[in-house]
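A.B. asks: Below are the structure tokens for one structure; questions will follow.
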Amino acid sequence: MTPTLSPSRVLVTGGAGFIGSAVVRRLIREGRVRVLNLDALTYAANLAAVENAVFSPHYAFLKADIADREAVRRAFAEFRPEAVMNLAAETHVDRSIDDPLAFVRTNVLGTATLLHEALGYWRSLEAEARARFRFLHVSTDEVFGALGEEGAFTEESPYRPNSPYAASKAGADHLARAFHRTYGLPVLVSNCSNNYGPWQFWEKLIPLMTIKALRGEALPVYGQGLQVRDWLHVEDHAEALWTILTRGRPGETYLVGGGEESRNIDTVRLICDLVDELAGPDPAGPRRRLITFVPDRPGHDHRYAIDCGKIARELGWRAARRSFADGLRETVAWYIAHRPWWEEGMRSRYDGARLGLGAAAR
Ligand SMILES: NC(=O)c1ccc[n+]([C@@H]2O[C@H](COP(=O)([O-])OP(=O)(O)OC[C@H]3O[C@@H](n4cnc5c(N)ncnc54)[C@H](O)[C@@H]3O)[C@@H](O)[C@H]2O)c1
């Protein structure tokens, strides 16, 4: 087993996003890790999610684009990280259907730029620092395509991305692997299942359905809602990423999942019941009445599931935080408590309208 590392300077990209901000909060809690949060602050960013970190002397923020070579080079030269965690990405499948090139630019070209500048910096280090340096590229299980009713993805699963989002992440994963094989850069790749928890942007299933249920709006379920997702709480994911960064073997891939499969329709029904219970009954009737079936997403993957055997066996990580039922209850309560945040965002950033029918893609 590789010795556990304890990097004291970590460059986190996308640290104003949903998962990146959970990583930043986790690292700042560590107490001794200095964090540079590099984020372009796209529509999906929420600096409020790292508000507590702002008061830490260990935290710094840089507004920059991972595809901006000069800015990235300067960040490496000035911050001198011992590790990089790459979470900056375009992440919404529906948006990738409408605007695939934006996904290629950030996810493929941006990751390539980050790897390239990391390589130049890494080569300039002394031998000991070079041996300790790590680059963790954070990715998704969607790169493996869709499963049938049985089985689960493993590290050996072939890449079969179906959406432009998944294809752009697959391209980034291949580049990360190639930088290890070709140049010896100590790269690790993680592929994780669907995350949920606080601060997720409300274009994604769980916050969107929660918010629409709270507003008494129709809940648009794609197709018949029979797609199955394996849900992991974002804080469990942040813990897994820290474990992979500090204990994983360079050149390896680790799959991360929650082992909590749920059909989308069941997830939405559960959200309705939780909103009824936690926000109080709607005089017009139970929120389940708001469920509306709408045309499916083009190319929608049927099922994802993860076999977490490798990360459990080799690194000792297991999703520990809570069950999906408990985590979802806490998450719905969180969205109820943070109504001013998403209400303002719905006015200024995204109003919850249907995306991803491909009308805009040419
Ligand atoms: N959300 C999930 O369920 C999930 C599951 C598995 C893997 N992932 C992966 O985890 C990573 C983070 O996902 P998330 O859900 O937190 O995403 P998110 O959309 O919530 O946040 C992405 C962040 O990246 C920033 N960003 C976007 N383009 C950038 C650029 N060119 N330069 C610098 N910053 C940029 C945005 O401003 C935002 O803060 C992604 O790589 C995603 O593929 C997500």
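To be explicit about the labels: the chains of the structure tokens are called A, B, and onward in the order shown, and within each one the residues are counted from 1, while ligands get numbers from 1 in the order they are shown.
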Please report, as JSON lines, each residue of chain A lying at most 7 Å from ligand 1, together with the nearest pair of atoms and the separation in Å rounded to one decimal; use only C-alpha atoms and all ligand atoms, and order rows by chain and ascending residue number.
C.D. replies:
```
{"residue": "A:Thr13", "atom": "CA", "partner": "ligand 1", "partner_atom_place_in_ligand_line": "34 (N)", "distance": 6.1}
{"residue": "A:Gly14", "atom": "CA", "partner": "ligand 1", "partner_atom_place_in_ligand_line": "24 (O)", "distance": 3.6}
{"residue": "A:Gly15", "atom": "CA", "partner": "ligand 1", "partner_atom_place_in_ligand_line": "39 (O)", "distance": 5.8}
{"residue": "A:Ala16", "atom": "CA", "partner": "ligand 1", "partner_atom_place_in_ligand_line": "39 (O)", "distance": 3.9}
{"residue": "A:Gly17", "atom": "CA", "partner": "ligand 1", "partner_atom_place_in_ligand_line": "21 (O)", "distance": 3.3}
{"residue": "A:Phe18", "atom": "CA", "partner": "ligand 1", "partner_atom_place_in_ligand_line": "16 (O)", "distance": 3.6}
{"residue": "A:Ile19", "atom": "CA", "partner": "ligand 1", "partner_atom_place_in_ligand_line": "16 (O)", "distance": 3.6}
{"residue": "A:Gly20", "atom": "CA", "partner": "ligand 1", "partner_atom_place_in_ligand_line": "16 (O)", "distance": 5.2}
{"residue": "A:Leu38", "atom": "CA", "partner": "ligand 1", "partner_atom_place_in_ligand_line": "33 (C)", "distance": 6.3}
{"residue": "A:Asp39", "atom": "CA", "partner": "ligand 1", "partner_atom_place_in_ligand_line": "34 (N)", "distance": 3.8}
{"residue": "A:Ala40", "atom": "CA", "partner": "ligand 1", "partner_atom_place_in_ligand_line": "34 (N)", "distance": 4.0}
{"residue": "A:Leu41", "atom": "CA", "partner": "ligand 1", "partner_atom_place_in_ligand_line": "37 (O)", "distance": 3.6}
{"residue": "A:Thr42", "atom": "CA", "partner": "ligand 1", "partner_atom_place_in_ligand_line": "37 (O)", "distance": 3.8}
{"residue": "A:Tyr43", "atom": "CA", "partner": "ligand 1", "partner_atom_place_in_ligand_line": "37 (O)", "distance": 6.5}
{"residue": "A:Ala44", "atom": "CA", "partner": "ligand 1", "partner_atom_place_in_ligand_line": "38 (C)", "distance": 5.0}
{"residue": "A:Ala45", "atom": "CA", "partner": "ligand 1", "partner_atom_place_in_ligand_line": "39 (O)", "distance": 3.6}
{"residue": "A:Asn46", "atom": "CA", "partner": "ligand 1", "partner_atom_place_in_ligand_line": "39 (O)", "distance": 6.5}
{"residue": "A:Ala64", "atom": "CA", "partner": "ligand 1", "partner_atom_place_in_ligand_line": "33 (C)", "distance": 5.8}
{"residue": "A:Asp65", "atom": "CA", "partner": "ligand 1", "partner_atom_place_in_ligand_line": "32 (N)", "distance": 3.4}
{"residue": "A:Ile66", "atom": "CA", "partner": "ligand 1", "partner_atom_place_in_ligand_line": "32 (N)", "distance": 4.0}
{"residue": "A:Ala67", "atom": "CA", "partner": "ligand 1", "partner_atom_place_in_ligand_line": "31 (N)", "distance": 5.7}
{"residue": "A:Asn86", "atom": "CA", "partner": "ligand 1", "partner_atom_place_in_ligand_line": "41 (O)", "distance": 7.0}
{"residue": "A:Leu87", "atom": "CA", "partner": "ligand 1", "partner_atom_place_in_ligand_line": "11 (C)", "distance": 4.2}
{"residue": "A:Ala88", "atom": "CA", "partner": "ligand 1", "partner_atom_place_in_ligand_line": "24 (O)", "distance": 3.5}
{"residue": "A:Ala89", "atom": "CA", "partner": "ligand 1", "partner_atom_place_in_ligand_line": "27 (C)", "distance": 4.4}
{"residue": "A:Glu90", "atom": "CA", "partner": "ligand 1", "partner_atom_place_in_ligand_line": "27 (C)", "distance": 5.1}
{"residue": "A:Thr91", "atom": "CA", "partner": "ligand 1", "partner_atom_place_in_ligand_line": "19 (O)", "distance": 4.7}
{"residue": "A:His92", "atom": "CA", "partner": "ligand 1", "partner_atom_place_in_ligand_line": "19 (O)", "distance": 6.8}
{"residue": "A:Thr106", "atom": "CA", "partner": "ligand 1", "partner_atom_place_in_ligand_line": "31 (N)", "distance": 4.5}
{"residue": "A:Gly110", "atom": "CA", "partner": "ligand 1", "partner_atom_place_in_ligand_line": "31 (N)", "distance": 6.0}
{"residue": "A:Val138", "atom": "CA", "partner": "ligand 1", "partner_atom_place_in_ligand_line": "41 (O)", "distance": 5.3}
{"residue": "A:Ser139", "atom": "CA", "partner": "ligand 1", "partner_atom_place_in_ligand_line": "7 (C)", "distance": 4.6}
{"residue": "A:Thr140", "atom": "CA", "partner": "ligand 1", "partner_atom_place_in_ligand_line": "7 (C)", "distance": 3.8}
{"residue": "A:Asp141", "atom": "CA", "partner": "ligand 1", "partner_atom_place_in_ligand_line": "6 (C)", "distance": 6.5}
{"residue": "A:Lys169", "atom": "CA", "partner": "ligand 1", "partner_atom_place_in_ligand_line": "43 (O)", "distance": 6.5}
{"residue": "A:Asn191", "atom": "CA", "partner": "ligand 1", "partner_atom_place_in_ligand_line": "7 (C)", "distance": 6.2}
{"residue": "A:Cys192", "atom": "CA", "partner": "ligand 1", "partner_atom_place_in_ligand_line": "6 (C)", "distance": 4.3}
{"residue": "A:Ser193", "atom": "CA", "partner": "ligand 1", "partner_atom_place_in_ligand_line": "5 (C)", "distance": 5.1}
{"residue": "A:Asn194", "atom": "CA", "partner": "ligand 1", "partner_atom_place_in_ligand_line": "3 (O)", "distance": 3.7}
{"residue": "A:Asn195", "atom": "CA", "partner": "ligand 1", "partner_atom_place_in_ligand_line": "3 (O)", "distance": 3.7}
{"residue": "A:Tyr196", "atom": "CA", "partner": "ligand 1", "partner_atom_place_in_ligand_line": "3 (O)", "distance": 6.6}
{"residue": "A:Gln200", "atom": "CA", "partner": "ligand 1", "partner_atom_place_in_ligand_line": "20 (O)", "distance": 6.0}
{"residue": "A:Phe201", "atom": "CA", "partner": "ligand 1", "partner_atom_place_in_ligand_line": "20 (O)", "distance": 6.0}
```
A.B. asks: Contacts of range 3-12 of chain A at 9 Å or less, counting only C-alpha atoms, minus same-chain residues fewer than 3 places along, as a ChimeraX atom specification?
C.D. replies: /A:15,20,23-24,27,32-39,75-76,79-88,132-134,243,245-248
A.B. asks: Print the selection's residues with N, CA and C atoms to a file, as a CSV table (one decimal), in the first residue's frame.
C.D. replies:
```csv
chain,number,residue,atom,x,y,z
A,15,GLY,N,-14.0,25.0,-7.0
A,15,GLY,CA,-14.4,25.0,-5.6
A,15,GLY,C,-15.5,25.8,-5.2
A,20,GLY,N,-17.2,20.7,-5.4
A,20,GLY,CA,-15.9,21.4,-5.1
A,20,GLY,C,-16.0,22.2,-3.8
A,23,VAL,N,-15.6,19.9,-0.9
A,23,VAL,CA,-14.2,19.5,-0.8
A,23,VAL,C,-13.5,20.6,-0.1
A,24,VAL,N,-13.7,21.9,-0.5
A,24,VAL,CA,-13.1,23.0,0.2
A,24,VAL,C,-13.4,23.0,1.7
A,27,LEU,N,-11.5,20.3,3.4
A,27,LEU,CA,-10.1,20.6,3.6
A,27,LEU,C,-9.8,21.7,4.6
A,32,ARG,N,-5.1,22.3,8.7
A,32,ARG,CA,-3.7,22.6,8.3
A,32,ARG,C,-3.4,22.7,6.8
A,33,VAL,N,-4.5,22.4,6.1
A,33,VAL,CA,-4.3,22.4,4.6
A,33,VAL,C,-4.6,23.8,4.0
A,34,ARG,N,-3.7,24.4,3.3
A,34,ARG,CA,-3.9,25.6,2.6
A,34,ARG,C,-4.6,25.3,1.3
A,35,VAL,N,-5.7,26.0,1.0
A,35,VAL,CA,-6.5,25.8,-0.2
A,35,VAL,C,-6.5,27.0,-1.1
A,36,LEU,N,-6.2,26.8,-2.4
A,36,LEU,CA,-6.5,27.8,-3.4
A,36,LEU,C,-7.6,27.3,-4.2
A,37,ASN,N,-8.7,28.0,-4.1
A,37,ASN,CA,-9.9,27.7,-4.9
A,37,ASN,C,-9.9,28.5,-6.2
A,38,LEU,N,-9.7,27.8,-7.3
A,38,LEU,CA,-9.7,28.4,-8.6
A,38,LEU,C,-11.0,28.1,-9.3
A,39,ASP,N,-11.7,29.1,-9.6
A,39,ASP,CA,-13.1,28.9,-10.2
A,39,ASP,C,-13.4,30.0,-11.1
A,75,ALA,N,-1.0,30.5,-11.4
A,75,ALA,CA,-1.6,29.9,-10.2
A,75,ALA,C,-0.6,28.9,-9.7
A,76,PHE,N,-0.1,28.0,-10.5
A,76,PHE,CA,0.9,27.0,-10.1
A,76,PHE,C,2.2,27.7,-9.6
A,79,PHE,N,1.2,29.7,-6.2
A,79,PHE,CA,0.6,29.0,-5.0
A,79,PHE,C,1.5,27.8,-4.7
A,80,ARG,N,2.2,27.2,-5.7
A,80,ARG,CA,3.0,26.1,-5.5
A,80,ARG,C,2.4,24.9,-4.8
A,81,PRO,N,1.3,24.3,-5.4
A,81,PRO,CA,0.6,23.3,-4.8
A,81,PRO,C,1.3,22.0,-4.7
A,82,GLU,N,1.0,21.2,-3.6
A,82,GLU,CA,1.5,19.8,-3.5
A,82,GLU,C,0.5,18.8,-4.1
A,83,ALA,N,-0.7,19.3,-4.4
A,83,ALA,CA,-1.7,18.5,-5.0
A,83,ALA,C,-2.7,19.3,-5.7
A,84,VAL,N,-3.4,18.7,-6.7
A,84,VAL,CA,-4.5,19.4,-7.4
A,84,VAL,C,-5.7,18.5,-7.4
A,85,MET,N,-6.8,19.1,-7.1
A,85,MET,CA,-8.1,18.3,-7.2
A,85,MET,C,-8.9,19.0,-8.3
A,86,ASN,N,-9.2,18.4,-9.4
A,86,ASN,CA,-9.8,19.1,-10.5
A,86,ASN,C,-11.3,18.8,-10.5
A,87,LEU,N,-12.1,19.7,-10.1
A,87,LEU,CA,-13.6,19.6,-10.1
A,87,LEU,C,-14.3,20.6,-11.0
A,88,ALA,N,-13.5,21.5,-11.6
A,88,ALA,CA,-14.1,22.5,-12.5
A,88,ALA,C,-14.6,21.8,-13.7
A,132,ARG,N,5.9,13.3,-4.2
A,132,ARG,CA,4.7,13.5,-3.3
A,132,ARG,C,3.6,14.1,-4.1
A,133,PHE,N,3.9,14.8,-5.2
A,133,PHE,CA,2.8,15.5,-5.9
A,133,PHE,C,1.7,14.6,-6.4
A,134,ARG,N,0.5,15.1,-6.4
A,134,ARG,CA,-0.7,14.3,-6.9
A,134,ARG,C,-1.6,15.2,-7.7
A,243,THR,N,-9.5,10.7,0.5
A,243,THR,CA,-8.9,9.4,0.7
A,243,THR,C,-8.1,9.0,-0.5
A,245,LEU,N,-6.9,11.0,-2.9
A,245,LEU,CA,-5.8,11.9,-3.1
A,245,LEU,C,-4.6,11.5,-2.2
A,246,THR,N,-4.9,11.1,-0.9
A,246,THR,CA,-3.8,10.9,0.0
A,246,THR,C,-3.4,9.5,0.1
A,247,ARG,N,-4.2,8.5,-0.3
A,247,ARG,CA,-3.8,7.1,-0.2
A,247,ARG,C,-3.8,6.3,-1.5
A,248,GLY,N,-4.4,6.9,-2.6
A,248,GLY,CA,-4.5,6.2,-3.8
A,248,GLY,C,-3.2,6.0,-4.5
```
A.B. asks: Just the number, please: distance in Å from CA of Arg229 in chain A to CA of Gly258 in chain A, one decimal.
C.D. replies: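 These atoms are spaced 9.8 Å apart.
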A.B. asks: If DSSP is run on the backbone, what residues of range 117-184 of chain A are helix (DSSP H, G or I)? A reply as a VMD selection string would be ideal.
C.D. replies: chain A and resid 117 to 123 127 to 132 141 to 144 164 to 183
A.B. asks: Would you pick out the contacts of Ala170 in chain A at 8 Å or less, using only C-alpha atoms, so that residues sharing its chain but fewer than 2 positions from it are not included, and give the list as a VMD selection string?
C.D. replies: chain A and resid 143 159 161 166 to 168 172 to 174
A.B. asks: Find the residue from A:Thr111, A:Glu117, A:Ala325, A:Gly31 that sits nearest to Glu70 in chain A; use only C-alpha atoms when measuring.
C.D. replies: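 Looking only at the distances to Glu70 in chain A, the closest residue turns out to be A:Glu117.
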A.B. asks: Determine which residues of range 124-168 of chain A receive a DSSP assignment of strand (DSSP E or B), computed from the backbone, and state them as a list in words.
C.D. replies: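 Those in range 124-168 of chain A that DSSP calls strand (DSSP E or B) are Arg134, Phe135, Leu136, His137, Val138, Ser139, Thr140, Leu147 and Phe153 of chain A.
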A.B. asks: Need the shell around Leu185 in chain A: protein/DNA/RNA residues with any atom at most 8 Å away, counting only C-alpha atoms. Skip same-chain ones fewer than 3 positions apart. Format as a list of chain:residue names?
C.D. replies: A:Leu119, A:Trp122, A:Arg134, A:Phe135, A:Phe179, A:His180, A:Arg181
A.B. asks: Extract, using only C-alpha atoms, all DNA, RNA and protein residues at most 12 Å from Tyr222 in chain A, discarding same-chain residues fewer than 2 positions from it, and format them as a list in words.
C.D. replies: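 Listing them by chain and then by number gives Asp94, Leu205, Met209, Leu219, Pro220, Gln224, Gly225, Leu226, Gln227, Arg263, Asn264, Ile265, Val268, Ile291, Thr292, Phe293, Val294, Pro295, Asp296, Arg297, Pro298, Gly299, His300, Asp301, His302, Arg354, Leu355, Gly356 and Leu357 of chain A.
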A.B. asks: Let me see the file: selected residues, N, CA and C atoms, as a PDB file, in the first residue's frame.
C.D. replies:
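See selection_9.pdb below for the written result:
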```pdb
ATOM      1  N   ASP A  94     -28.424  18.037 -19.575  1.00  0.00           N
ATOM      2  CA  ASP A  94     -29.382  18.739 -20.444  1.00  0.00           C
ATOM      3  C   ASP A  94     -28.728  19.912 -21.162  1.00  0.00           C
ATOM      4  N   LEU A 205     -31.911  17.081 -10.618  1.00  0.00           N
ATOM      5  CA  LEU A 205     -33.197  16.470 -10.256  1.00  0.00           C
ATOM      6  C   LEU A 205     -33.674  16.794  -8.836  1.00  0.00           C
ATOM      7  N   MET A 209     -36.817  19.348  -8.157  1.00  0.00           N
ATOM      8  CA  MET A 209     -38.117  18.808  -7.740  1.00  0.00           C
ATOM      9  C   MET A 209     -38.515  19.365  -6.370  1.00  0.00           C
ATOM     10  N   LEU A 219     -44.191  19.010 -11.501  1.00  0.00           N
ATOM     11  CA  LEU A 219     -42.903  18.339 -11.336  1.00  0.00           C
ATOM     12  C   LEU A 219     -42.634  17.492 -12.575  1.00  0.00           C
ATOM     13  N   PRO A 220     -41.803  18.005 -13.517  1.00  0.00           N
ATOM     14  CA  PRO A 220     -41.634  17.316 -14.796  1.00  0.00           C
ATOM     15  C   PRO A 220     -40.699  16.109 -14.668  1.00  0.00           C
ATOM     16  N   GLN A 224     -41.034   7.832 -18.062  1.00  0.00           N
ATOM     17  CA  GLN A 224     -41.891   7.296 -16.995  1.00  0.00           C
ATOM     18  C   GLN A 224     -41.187   7.361 -15.642  1.00  0.00           C
ATOM     19  N   GLY A 225     -39.994   7.990 -15.615  1.00  0.00           N
ATOM     20  CA  GLY A 225     -39.252   8.102 -14.347  1.00  0.00           C
ATOM     21  C   GLY A 225     -38.656   6.781 -13.893  1.00  0.00           C
ATOM     22  N   LEU A 226     -38.446   5.865 -14.841  1.00  0.00           N
ATOM     23  CA  LEU A 226     -37.981   4.529 -14.457  1.00  0.00           C
ATOM     24  C   LEU A 226     -36.454   4.419 -14.429  1.00  0.00           C
ATOM     25  N   GLN A 227     -35.771   5.514 -14.768  1.00  0.00           N
ATOM     26  CA  GLN A 227     -34.308   5.485 -14.733  1.00  0.00           C
ATOM     27  C   GLN A 227     -33.842   5.318 -13.280  1.00  0.00           C
ATOM     28  N   ARG A 263     -35.228   4.558  -8.299  1.00  0.00           N
ATOM     29  CA  ARG A 263     -35.800   5.006  -9.572  1.00  0.00           C
ATOM     30  C   ARG A 263     -36.170   6.485  -9.419  1.00  0.00           C
ATOM     31  N   ASN A 264     -36.010   7.248 -10.493  1.00  0.00           N
ATOM     32  CA  ASN A 264     -36.293   8.688 -10.394  1.00  0.00           C
ATOM     33  C   ASN A 264     -37.708   8.954  -9.888  1.00  0.00           C
ATOM     34  N   ILE A 265     -38.679   8.164 -10.334  1.00  0.00           N
ATOM     35  CA  ILE A 265     -40.057   8.396  -9.909  1.00  0.00           C
ATOM     36  C   ILE A 265     -40.190   8.182  -8.393  1.00  0.00           C
ATOM     37  N   VAL A 268     -38.677  11.199  -6.653  1.00  0.00           N
ATOM     38  CA  VAL A 268     -39.564  12.372  -6.722  1.00  0.00           C
ATOM     39  C   VAL A 268     -40.744  12.201  -5.752  1.00  0.00           C
ATOM     40  N   ILE A 291     -46.868  15.719  -9.877  1.00  0.00           N
ATOM     41  CA  ILE A 291     -46.014  14.928 -10.783  1.00  0.00           C
ATOM     42  C   ILE A 291     -46.646  14.872 -12.181  1.00  0.00           C
ATOM     43  N   THR A 292     -45.811  15.249 -13.184  1.00  0.00           N
ATOM     44  CA  THR A 292     -46.267  15.269 -14.583  1.00  0.00           C
ATOM     45  C   THR A 292     -45.214  14.545 -15.415  1.00  0.00           C
ATOM     46  N   PHE A 293     -45.628  13.627 -16.248  1.00  0.00           N
ATOM     47  CA  PHE A 293     -44.657  12.931 -17.101  1.00  0.00           C
ATOM     48  C   PHE A 293     -44.450  13.725 -18.381  1.00  0.00           C
ATOM     49  N   VAL A 294     -43.167  13.983 -18.718  1.00  0.00           N
ATOM     50  CA  VAL A 294     -42.848  14.788 -19.907  1.00  0.00           C
ATOM     51  C   VAL A 294     -41.947  13.954 -20.829  1.00  0.00           C
ATOM     52  N   PRO A 295     -41.829  14.370 -22.107  1.00  0.00           N
ATOM     53  CA  PRO A 295     -40.982  13.585 -23.029  1.00  0.00           C
ATOM     54  C   PRO A 295     -39.585  13.375 -22.451  1.00  0.00           C
ATOM     55  N   ASP A 296     -39.066  12.170 -22.660  1.00  0.00           N
ATOM     56  CA  ASP A 296     -37.782  11.790 -22.067  1.00  0.00           C
ATOM     57  C   ASP A 296     -36.646  12.636 -22.647  1.00  0.00           C
ATOM     58  N   ARG A 297     -35.537  12.690 -21.890  1.00  0.00           N
ATOM     59  CA  ARG A 297     -34.308  13.322 -22.372  1.00  0.00           C
ATOM     60  C   ARG A 297     -33.758  12.463 -23.515  1.00  0.00           C
ATOM     61  N   PRO A 298     -33.327  13.103 -24.635  1.00  0.00           N
ATOM     62  CA  PRO A 298     -32.745  12.302 -25.721  1.00  0.00           C
ATOM     63  C   PRO A 298     -31.524  11.532 -25.211  1.00  0.00           C
ATOM     64  N   GLY A 299     -31.455  10.248 -25.546  1.00  0.00           N
ATOM     65  CA  GLY A 299     -30.289   9.440 -25.162  1.00  0.00           C
ATOM     66  C   GLY A 299     -30.191   9.165 -23.675  1.00  0.00           C
ATOM     67  N   HIS A 300     -31.316   9.246 -22.956  1.00  0.00           N
ATOM     68  CA  HIS A 300     -31.293   9.110 -21.494  1.00  0.00           C
ATOM     69  C   HIS A 300     -30.810   7.720 -21.069  1.00  0.00           C
ATOM     70  N   ASP A 301     -29.761   7.671 -20.214  1.00  0.00           N
ATOM     71  CA  ASP A 301     -29.248   6.385 -19.728  1.00  0.00           C
ATOM     72  C   ASP A 301     -30.237   5.769 -18.748  1.00  0.00           C
ATOM     73  N   HIS A 302     -30.461   4.445 -18.878  1.00  0.00           N
ATOM     74  CA  HIS A 302     -31.467   3.791 -18.037  1.00  0.00           C
ATOM     75  C   HIS A 302     -31.012   3.642 -16.589  1.00  0.00           C
ATOM     76  N   ARG A 354     -37.567  23.906 -18.760  1.00  0.00           N
ATOM     77  CA  ARG A 354     -37.038  22.675 -19.364  1.00  0.00           C
ATOM     78  C   ARG A 354     -35.842  22.982 -20.265  1.00  0.00           C
ATOM     79  N   LEU A 355     -34.786  22.207 -20.100  1.00  0.00           N
ATOM     80  CA  LEU A 355     -33.582  22.331 -20.925  1.00  0.00           C
ATOM     81  C   LEU A 355     -33.346  20.989 -21.620  1.00  0.00           C
ATOM     82  N   GLY A 356     -32.483  20.994 -22.642  1.00  0.00           N
ATOM     83  CA  GLY A 356     -31.957  19.740 -23.150  1.00  0.00           C
ATOM     84  C   GLY A 356     -32.828  19.003 -24.145  1.00  0.00           C
ATOM     85  N   LEU A 357     -33.701  19.712 -24.842  1.00  0.00           N
ATOM     86  CA  LEU A 357     -34.437  19.033 -25.900  1.00  0.00           C
ATOM     87  C   LEU A 357     -33.673  19.112 -27.227  1.00  0.00           C
TER      88      LEU A 357
END
```
A.B. asks: May I have the residues within 12 Å of Val256 in chain A as a count of residues only, using only C-alpha atoms and disregarding those fewer than 4 positions away in the same chain?
C.D. replies: 43
A.B. asks: For Arg329 in chain A, list every protein, DNA or RNA residue within 12 Å, evaluated using only C-alpha atoms, and leave out those in the same chain fewer than 6 positions away; present the list as number ranges by chain.
C.D. replies: A: 196-198, 206, 210, 233, 267, 270-279, 322-323, 335-336
A.B. asks: Could you take the residues named above and write them with N, CA and C atoms, as a short mmCIF file (atom, residue, chain, number, x, y, z; two decimals), in the first residue's frame?
C.D. replies:
```
data_model
loop_
_atom_site.label_atom_id
_atom_site.label_comp_id
_atom_site.auth_asym_id
_atom_site.auth_seq_id
_atom_site.Cartn_x
_atom_site.Cartn_y
_atom_site.Cartn_z
N TYR A 196 -25.92 14.13 -4.07
CA TYR A 196 -26.99 15.02 -3.62
C TYR A 196 -26.54 15.63 -2.30
N GLY A 197 -27.23 16.70 -1.89
CA GLY A 197 -26.86 17.37 -0.64
C GLY A 197 -27.03 18.87 -0.78
N PRO A 198 -26.55 19.64 0.21
CA PRO A 198 -26.72 21.09 0.18
C PRO A 198 -25.93 21.76 -0.95
N ILE A 206 -32.85 16.49 -7.83
CA ILE A 206 -33.34 16.59 -6.45
C ILE A 206 -33.67 18.03 -6.04
N THR A 210 -37.55 19.52 -5.49
CA THR A 210 -37.84 20.07 -4.15
C THR A 210 -38.38 21.49 -4.28
N HIS A 233 -24.23 10.92 -0.83
CA HIS A 233 -24.22 12.25 -0.22
C HIS A 233 -22.89 12.95 -0.55
N THR A 267 -37.75 8.60 -6.22
CA THR A 267 -37.06 9.73 -5.59
C THR A 267 -37.99 10.94 -5.54
N LEU A 270 -40.75 10.50 -2.99
CA LEU A 270 -40.20 10.69 -1.64
C LEU A 270 -40.04 12.18 -1.33
N ILE A 271 -39.56 12.94 -2.32
CA ILE A 271 -39.40 14.38 -2.14
C ILE A 271 -40.76 15.02 -1.84
N CYS A 272 -41.78 14.62 -2.60
CA CYS A 272 -43.14 15.18 -2.39
C CYS A 272 -43.58 14.93 -0.94
N ASP A 273 -43.39 13.70 -0.48
CA ASP A 273 -43.83 13.36 0.88
C ASP A 273 -43.04 14.15 1.93
N LEU A 274 -41.73 14.32 1.67
CA LEU A 274 -40.89 15.07 2.63
C LEU A 274 -41.30 16.55 2.66
N VAL A 275 -41.61 17.10 1.48
CA VAL A 275 -42.04 18.51 1.45
C VAL A 275 -43.37 18.65 2.19
N ASP A 276 -44.30 17.71 1.97
CA ASP A 276 -45.58 17.73 2.70
C ASP A 276 -45.33 17.75 4.21
N GLU A 277 -44.40 16.89 4.62
CA GLU A 277 -44.15 16.74 6.06
C GLU A 277 -43.38 17.94 6.64
N LEU A 278 -42.32 18.35 5.93
CA LEU A 278 -41.40 19.34 6.53
C LEU A 278 -41.84 20.79 6.29
N ALA A 279 -42.52 21.05 5.16
CA ALA A 279 -42.95 22.43 4.90
C ALA A 279 -44.42 22.63 5.27
N ARG A 322 -24.78 8.67 5.86
CA ARG A 322 -26.20 8.44 6.19
C ARG A 322 -26.87 7.68 5.05
N SER A 323 -28.04 7.14 5.33
CA SER A 323 -28.80 6.46 4.29
C SER A 323 -29.39 7.51 3.35
N TYR A 335 -33.08 22.85 1.72
CA TYR A 335 -33.63 23.72 0.67
C TYR A 335 -34.79 24.56 1.20
N ILE A 336 -35.55 24.00 2.13
CA ILE A 336 -36.63 24.79 2.74
C ILE A 336 -36.02 25.96 3.51
#
```
A.B. asks: Would you please work out which residue, of A:Ala146, A:Ala213, A:Leu62, A:Ala320, is nearest to Pro286 in chain A when using only C-alpha atoms?
C.D. replies: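 Checking each candidate against Pro286 in chain A, we get A:Ala213 as the closest.
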A.B. asks: Provide the CA of Leu208 in chain A to CA of Asp326 in chain A distance in Å, to one decimal place.
C.D. replies: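 Straight-line distance from CA of Leu208 in chain A to CA of Asp326 in chain A works out to 18.7 Å.
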A.B. asks: Just give me the gap between CA of Glu235 in chain A and CA of Ala60 in chain A in Å, one decimal is fine.
C.D. replies: 21.2 Å
